[in-house]
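Next comes final_28.cif, a file with mmCIF, C-alpha atoms.
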```cif
data_my_file
loop_
_atom_site.label_atom_id
_atom_site.label_comp_id
_atom_site.auth_asym_id
_atom_site.auth_seq_id
_atom_site.Cartn_x
_atom_site.Cartn_y
_atom_site.Cartn_z
CA MET A 1 14.88 135.32 99.83
CA ASN A 2 14.65 134.01 103.39
CA ASN A 3 16.11 130.56 102.64
CA ILE A 4 19.61 132.01 102.41
CA VAL A 5 22.07 132.01 105.30
CA GLN A 6 24.62 134.83 105.15
CA ILE A 7 27.94 134.22 106.92
CA GLY A 8 30.13 137.26 106.37
CA PRO A 9 30.57 137.66 102.61
CA LEU A 10 29.42 134.10 101.92
CA ALA A 11 25.84 133.04 101.16
CA PHE A 12 24.52 129.50 101.58
CA ALA A 13 21.18 127.93 100.77
CA SER A 14 19.79 126.94 104.16
CA ASP A 15 18.78 123.43 103.08
CA ARG A 16 22.25 122.67 101.74
CA LEU A 17 23.83 124.01 104.91
CA LEU A 18 21.52 121.75 106.93
CA ALA A 19 22.56 118.75 104.79
CA VAL A 20 26.25 119.46 105.40
CA LEU A 21 25.68 119.82 109.15
CA LEU A 22 23.79 116.52 109.29
CA VAL A 23 26.55 114.69 107.40
CA LEU A 24 29.07 116.09 109.88
CA ALA A 25 26.81 115.01 112.74
CA PHE A 26 26.67 111.50 111.24
CA LEU A 27 30.45 111.29 111.04
CA GLY A 28 30.87 112.66 114.55
CA GLY A 29 28.16 110.38 115.90
CA LEU A 30 29.76 107.27 114.42
CA GLU A 31 33.08 108.27 115.94
CA LEU A 32 31.45 108.46 119.37
CA ILE A 33 29.70 105.13 118.83
CA GLY A 34 33.02 103.59 117.82
CA ARG A 35 34.64 104.79 121.03
CA ARG A 36 31.77 103.51 123.14
CA THR A 37 31.74 100.06 121.49
CA GLN A 38 35.53 99.94 121.10
CA ARG A 39 35.42 99.61 117.32
CA ASP A 40 37.11 101.70 114.65
CA LEU A 41 34.19 102.99 112.56
CA GLY A 42 36.10 105.63 110.60
CA GLY A 43 36.28 103.66 107.36
CA THR A 44 32.70 102.46 107.68
CA ALA A 45 31.48 106.02 108.26
CA MET A 46 33.20 107.36 105.14
CA LEU A 47 31.94 104.43 103.05
CA ALA A 48 28.39 104.96 104.33
CA VAL A 49 28.50 108.68 103.50
CA GLY A 50 29.94 108.05 100.04
CA THR A 51 27.44 105.31 99.26
CA GLY A 52 24.57 107.43 100.58
CA LEU A 53 25.53 110.39 98.38
CA ILE A 54 25.82 108.22 95.27
CA ALA A 55 22.52 106.45 96.00
CA ALA A 56 20.75 109.78 96.59
CA ARG A 57 22.15 111.21 93.37
CA MET A 58 21.34 108.17 91.25
CA ALA A 59 17.77 108.03 92.56
CA TYR A 60 17.28 111.70 91.66
CA VAL A 61 18.76 111.22 88.19
CA ALA A 62 16.55 108.16 87.62
CA THR A 63 13.44 110.26 88.21
CA HIS A 64 14.69 113.05 85.91
CA LEU A 65 16.09 111.03 83.02
CA ASP A 66 14.62 113.31 80.36
CA ALA A 67 16.46 116.36 81.71
CA TYR A 68 19.78 114.56 82.17
CA SER A 69 19.59 112.71 78.85
CA ARG A 70 20.20 116.04 77.11
CA ASP A 71 23.59 116.30 78.80
CA TRP A 72 24.77 113.16 80.60
CA LEU A 73 27.90 114.90 81.90
CA SER A 74 25.65 117.09 84.03
CA VAL A 75 25.01 114.02 86.21
CA LEU A 76 28.49 114.71 87.62
CA ALA A 77 27.63 118.33 88.48
CA MET A 78 26.65 117.43 92.03
CA TRP A 79 27.27 120.98 93.26
CA GLN A 80 24.03 121.94 91.48
CA GLY A 81 22.05 119.87 93.96
CA GLY A 82 19.64 117.11 93.07
CA PHE A 83 19.54 114.31 95.66
CA THR A 84 16.78 112.01 96.88
CA ALA A 85 17.15 111.94 100.65
CA TRP A 86 15.39 108.66 101.41
CA ALA A 87 17.61 106.82 98.91
CA GLY A 88 20.71 108.30 100.53
CA ALA A 89 19.61 107.22 103.99
CA ALA A 90 18.83 103.72 102.70
CA GLY A 91 22.24 103.47 101.03
CA ALA A 92 24.05 104.52 104.19
CA ALA A 93 21.98 102.10 106.30
CA ALA A 94 22.78 99.23 103.92
CA VAL A 95 26.51 99.85 104.37
CA LEU A 96 26.14 99.90 108.15
CA VAL A 97 24.30 96.57 108.13
CA TRP A 98 26.84 95.04 105.74
CA LYS A 99 29.93 96.22 107.59
CA LEU A 100 28.77 95.96 111.21
CA GLY A 101 26.42 92.97 111.13
CA ALA A 102 24.64 92.24 114.39
CA HIS A 103 27.14 94.09 116.56
CA ARG A 104 25.77 96.68 119.00
CA SER A 105 27.55 99.39 117.02
CA ALA A 106 25.23 98.59 114.09
CA GLN A 107 22.13 99.11 116.20
CA LEU A 108 23.39 102.43 117.52
CA SER A 109 24.53 103.55 114.06
CA LEU A 110 21.18 102.69 112.47
CA ALA A 111 19.38 104.57 115.24
CA LEU A 112 21.59 107.60 114.54
CA THR A 113 20.83 107.33 110.82
CA LEU A 114 17.09 107.28 111.53
CA ILE A 115 17.28 110.27 113.88
CA LEU A 116 19.29 112.35 111.42
CA SER A 117 16.99 111.37 108.56
CA LEU A 118 13.97 112.57 110.55
CA ALA A 119 15.89 115.77 111.36
CA TRP A 120 16.44 116.32 107.63
CA PHE A 121 12.82 115.79 106.59
CA THR A 122 11.58 117.98 109.44
CA GLY A 123 14.16 120.69 108.84
CA GLU A 124 13.53 120.73 105.10
CA GLN A 125 9.85 121.49 105.73
CA LEU A 126 10.60 124.14 108.33
CA LEU A 127 13.21 125.86 106.16
CA GLU A 128 11.02 126.06 103.07
CA PRO A 129 10.36 129.77 102.65
CA ALA A 130 6.80 131.05 102.76
CA PRO A 131 5.57 132.68 99.54
CA ARG A 132 6.10 136.40 99.49
CA ALA A 133 5.20 139.17 97.12
CA LEU A 134 7.90 139.85 94.58
CA PRO A 135 9.02 143.50 94.70
CA ASP A 136 7.89 145.61 91.78
CA LEU A 137 10.22 144.94 88.90
CA PRO A 138 12.58 147.84 88.15
CA GLN A 139 12.84 149.05 84.59
CA LEU A 140 14.30 146.18 82.60
CA THR A 141 15.42 146.57 79.01
CA ARG A 142 16.29 144.08 76.31
CA ILE A 143 19.63 144.16 74.52
CA ASP A 144 18.11 146.28 71.74
CA GLY A 145 16.85 148.84 74.29
CA GLU A 146 13.20 147.76 74.26
CA VAL A 147 11.63 148.14 77.72
CA LEU A 148 9.90 145.13 79.29
CA GLU A 149 6.34 146.03 80.19
CA PRO A 150 5.58 144.50 83.63
CA GLU A 151 1.90 144.32 82.62
CA SER A 152 2.82 141.55 80.17
CA LEU A 153 3.56 139.28 83.15
CA GLU A 154 0.44 140.02 85.22
CA GLY A 155 -1.54 136.91 86.10
CA ARG A 156 1.15 134.63 84.66
CA PRO A 157 3.77 132.50 86.39
CA PHE A 158 7.32 133.35 85.40
CA VAL A 159 10.95 132.72 86.33
CA VAL A 160 13.61 135.33 87.09
CA ASN A 161 17.29 134.45 86.95
CA LEU A 162 19.78 137.01 88.29
CA TRP A 163 23.22 136.76 86.74
CA ALA A 164 26.37 138.65 85.68
CA THR A 165 29.12 138.00 83.15
CA TRP A 166 31.84 137.97 85.85
CA CYS A 167 30.11 135.19 87.83
CA PRO A 168 31.50 131.69 86.96
CA PRO A 169 28.40 129.66 87.94
CA CYS A 170 26.23 132.17 86.06
CA ARG A 171 28.33 131.64 82.93
CA ARG A 172 28.01 127.86 83.25
CA GLU A 173 24.23 127.78 83.63
CA LEU A 174 23.35 130.57 81.18
CA PRO A 175 23.42 128.52 77.93
CA MET A 176 21.05 125.93 79.42
CA LEU A 177 18.76 128.64 80.79
CA ALA A 178 18.66 130.43 77.43
CA GLU A 179 17.93 127.17 75.61
CA THR A 180 15.12 126.31 78.02
CA ALA A 181 13.71 129.84 77.87
CA ALA A 182 13.45 129.66 74.08
CA SER A 183 10.83 126.90 74.24
CA SER A 184 9.29 127.41 77.68
CA GLN A 185 5.61 128.29 78.00
CA VAL A 186 6.49 129.95 81.31
CA PRO A 187 8.56 133.11 80.65
CA ILE A 188 12.14 132.90 81.88
CA LEU A 189 13.71 136.32 82.40
CA LEU A 190 17.51 136.25 82.39
CA VAL A 191 18.17 139.53 84.20
CA ASN A 192 21.75 140.73 84.12
CA GLN A 193 22.77 142.65 87.22
CA GLY A 194 24.85 145.81 87.10
CA GLU A 195 26.27 145.72 83.57
CA ASP A 196 25.44 147.72 80.46
CA SER A 197 23.83 146.33 77.32
CA ALA A 198 26.96 146.67 75.16
CA GLN A 199 29.04 144.64 77.62
CA VAL A 200 26.34 141.97 77.92
CA ALA A 201 25.77 141.83 74.15
CA GLN A 202 29.48 141.27 73.55
CA PHE A 203 29.52 138.46 76.11
CA LEU A 204 26.46 136.76 74.62
CA ALA A 205 27.86 136.96 71.09
CA SER A 206 31.25 135.56 72.09
CA HIS A 207 29.61 132.62 73.92
CA GLY A 208 26.91 131.90 71.34
CA VAL A 209 24.04 132.61 73.75
CA PRO A 210 20.86 133.95 72.10
CA PRO A 211 19.80 137.33 73.54
CA GLU A 212 16.02 137.02 73.20
CA ASN A 213 15.28 136.39 76.88
CA VAL A 214 18.13 138.45 78.34
CA LEU A 215 17.24 141.66 80.16
CA ILE A 216 19.41 144.43 81.58
CA ASP A 217 19.13 145.77 85.12
CA ALA A 218 22.04 148.18 84.92
CA GLN A 219 21.67 149.41 88.51
CA ALA A 220 21.25 145.89 89.96
CA ALA A 221 18.06 147.22 91.52
CA LEU A 222 16.38 143.82 91.69
CA SER A 223 19.24 142.28 93.68
CA GLN A 224 19.10 145.22 96.08
CA GLN A 225 15.34 144.87 96.50
CA LEU A 226 15.68 141.17 97.30
CA GLY A 227 18.26 142.04 99.92
CA ASP A 228 20.96 139.37 99.50
CA GLY A 229 22.80 140.15 96.24
CA ALA A 230 23.94 136.54 95.79
CA LEU A 231 24.49 135.43 92.18
CA PRO A 232 23.22 133.42 90.51
CA THR A 233 19.78 133.29 92.06
CA THR A 234 16.70 131.91 90.35
CA LEU A 235 13.22 132.92 91.55
CA PHE A 236 9.97 131.19 90.69
CA VAL A 237 6.92 133.47 90.70
CA ASN A 238 3.33 132.25 90.57
CA GLY A 239 0.40 133.89 88.81
CA ASP A 240 -0.39 135.93 91.91
CA GLY A 241 2.99 137.63 91.76
CA GLN A 242 4.39 135.73 94.74
CA ALA A 243 7.93 134.37 94.81
CA VAL A 244 7.14 130.80 95.88
CA ALA A 245 10.58 129.20 95.49
CA SER A 246 14.18 130.21 94.95
CA HIS A 247 17.44 128.51 94.07
CA LEU A 248 20.76 129.97 95.17
CA GLY A 249 23.70 129.04 92.99
CA GLU A 250 23.95 127.19 89.68
CA ILE A 251 20.70 125.41 88.86
CA SER A 252 20.35 122.16 86.97
CA ARG A 253 17.99 121.62 84.05
CA ALA A 254 16.15 119.00 86.14
CA ALA A 255 15.54 121.38 89.06
CA LEU A 256 14.51 124.19 86.69
CA LEU A 257 11.99 122.02 84.83
CA ASP A 258 10.67 120.62 88.13
CA GLU A 259 9.89 124.09 89.46
CA ILE A 260 8.38 125.24 86.15
CA ARG A 261 6.10 122.18 86.12
CA GLN A 262 4.92 123.00 89.64
CA LEU A 263 4.19 126.59 88.58
CA GLN A 264 2.17 125.36 85.62
CA GLU A 265 0.22 122.87 87.72
CA GLY A 266 -0.46 125.44 90.43
CA VAL A 267 1.33 123.34 93.03
CA ARG A 268 3.39 126.35 94.02
#
```

Any chance you could give the structure as structure tokens?
Amino acid sequence: MNNIVQIGPLAFASDRLLAVLLVLAFLGGLELIGRRTQRDLGGTAMLAVGTGLIAARMAYVATHLDAYSRDWLSVLAMWQGGFTAWAGAAGAAAVLVWKLGAHRSAQLSLALTLILSLAWFTGEQLLEPAPRALPDLPQLTRIDGEVLEPESLEGRPFVVNLWATWCPPCRRELPMLAETAASSQVPILLVNQGEDSAQVAQFLASHGVPPENVLIDAQAALSQQLGDGALPTTLFVNGDGQAVASHLGEISRAALLDEIRQLQEGVR
């Protein structure tokens, strides 16, 4: 998918990379403002970033209470993503006002916060990938050897998750994905990449993961067709067969249900 930035062997979701760069720009900008106004803003900068991250996370959780109520510890899994940007900016701005008062450094710092916030909202829109036709699915088989008929998915939205047993984030998210797939009206295909059915079946049995929605792509053909090979990756496909969204890395229940809802409502 074209929202992935490849740096050597590493793959990053472009929106997350943008967020990291903007946080670094905020820290660097406050350092320059501190030098110009002859104030030490290092502690204030770190407090503003920390408060902003917590505020952004809590606002996101508050709007997805149903998903997080099934596993409250997942609130701490911040590496999965799930932040409300405007709440983060407001939290950081509140710290700047509190710590800097009416000093000129506060005015400059708030202006920087506004500029970087606008950069985020603009960049997020620009980086959102355009829908594209999903490549024809390779032959996918269930654990028992039954072949998935691609015709069964025609005209229907569905989700494809690419995973492998050797991939730590895949292993963490798989039980939640399998649980959600069992009751989802939108099919969720858990497509193992590059391993045989016996190996996958043994893994599923030892981890108590039901095999009903697991499929085998022994040649990892789907990863090759998509062109990045990063695992785990979750694709969201609309009824026209277009991949309209993707998530690189471990996905949260909240993000998964959000995207499924948008598929069902035709927003995507």

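In this structure, atom CA of A:Trp120 sits 18.6 Å away from atom CA of A:Trp79.
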
Could you spell out the hits of the PyMOL selection byres ((chain A and resi 216) around 8) on the shown file, as a PyMOL selection string? chain A and resi 140-143+191-197+214-215+217-218

Write a file of the just-selected residues containing C-alpha atoms, as a PDB file, keeping the file's coordinate frame.
```pdb
ATOM      1  CA  LEU A 140      14.300 146.180  82.600  1.00  0.00           C
ATOM      2  CA  THR A 141      15.420 146.570  79.010  1.00  0.00           C
ATOM      3  CA  ARG A 142      16.290 144.080  76.310  1.00  0.00           C
ATOM      4  CA  ILE A 143      19.630 144.160  74.520  1.00  0.00           C
ATOM      5  CA  VAL A 191      18.170 139.530  84.200  1.00  0.00           C
ATOM      6  CA  ASN A 192      21.750 140.730  84.120  1.00  0.00           C
ATOM      7  CA  GLN A 193      22.770 142.650  87.220  1.00  0.00           C
ATOM      8  CA  GLY A 194      24.850 145.810  87.100  1.00  0.00           C
ATOM      9  CA  GLU A 195      26.270 145.720  83.570  1.00  0.00           C
ATOM     10  CA  ASP A 196      25.440 147.720  80.460  1.00  0.00           C
ATOM     11  CA  SER A 197      23.830 146.330  77.320  1.00  0.00           C
ATOM     12  CA  VAL A 214      18.130 138.450  78.340  1.00  0.00           C
ATOM     13  CA  LEU A 215      17.240 141.660  80.160  1.00  0.00           C
ATOM     14  CA  ASP A 217      19.130 145.770  85.120  1.00  0.00           C
ATOM     15  CA  ALA A 218      22.040 148.180  84.920  1.00  0.00           C
TER      16      ALA A 218
END
```

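Taking all atoms listed in the file into account, A:Ser183 lies nearest to A:Leu257 out of the set A:Leu257, A:Phe121, A:Asn238, A:Gly145.
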
Go ahead and compute the interatomic distance for atom CA of A:Leu162 and atom CA of A:Pro211, in Å to one decimal.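 Going from atom CA of A:Leu162 over to atom CA of A:Pro211, I get 14.8 Å.
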
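The interatomic distance for the pair atom CA of A:Val75 and atom CA of A:His207 works out to 22.8 Å.
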
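With the shown file loaded, the PyMOL selection byres ((chain A and resi 40-46) around 9) picks out Phe26, Leu27, Leu30, Glu31, Ile33, Gly34, Arg35, Thr37, Gln38, Arg39, Leu47, Ala48, Val49, Gly50, Thr51, Ala92, Val95, Leu96, Lys99, Leu100 and Ser105 of chain A.
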
So, with all atoms listed in the file as the atoms that count, which of A:Ala254, A:Ala182, A:Val147, A:Ile115 lies closest to A:Ala62?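 The shortest atom-to-atom distance to A:Ala62 comes from A:Ala254.
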
List the residues matched by the PyMOL selection byres ((chain A and resi 89) around 12) in the displayed structure as a PyMOL selection string, ordered by chain and then by residue number. chain A and resi 19+22-23+26+48-57+59+83-88+90-96+109-121

Which residue is closest to A:Pro210? Choose from A:Gly82, A:Pro175, A:Pro232, A:Pro131 and count all atoms listed in the file.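 For A:Pro210, the nearest of the given residues is A:Pro175.
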
Identify which of the residues A:Leu174, A:Leu127, A:Leu137, A:Leu32 lies closest to A:Ala221, counting all atoms listed in the file when measuring atom-to-atom distances. A:Leu137
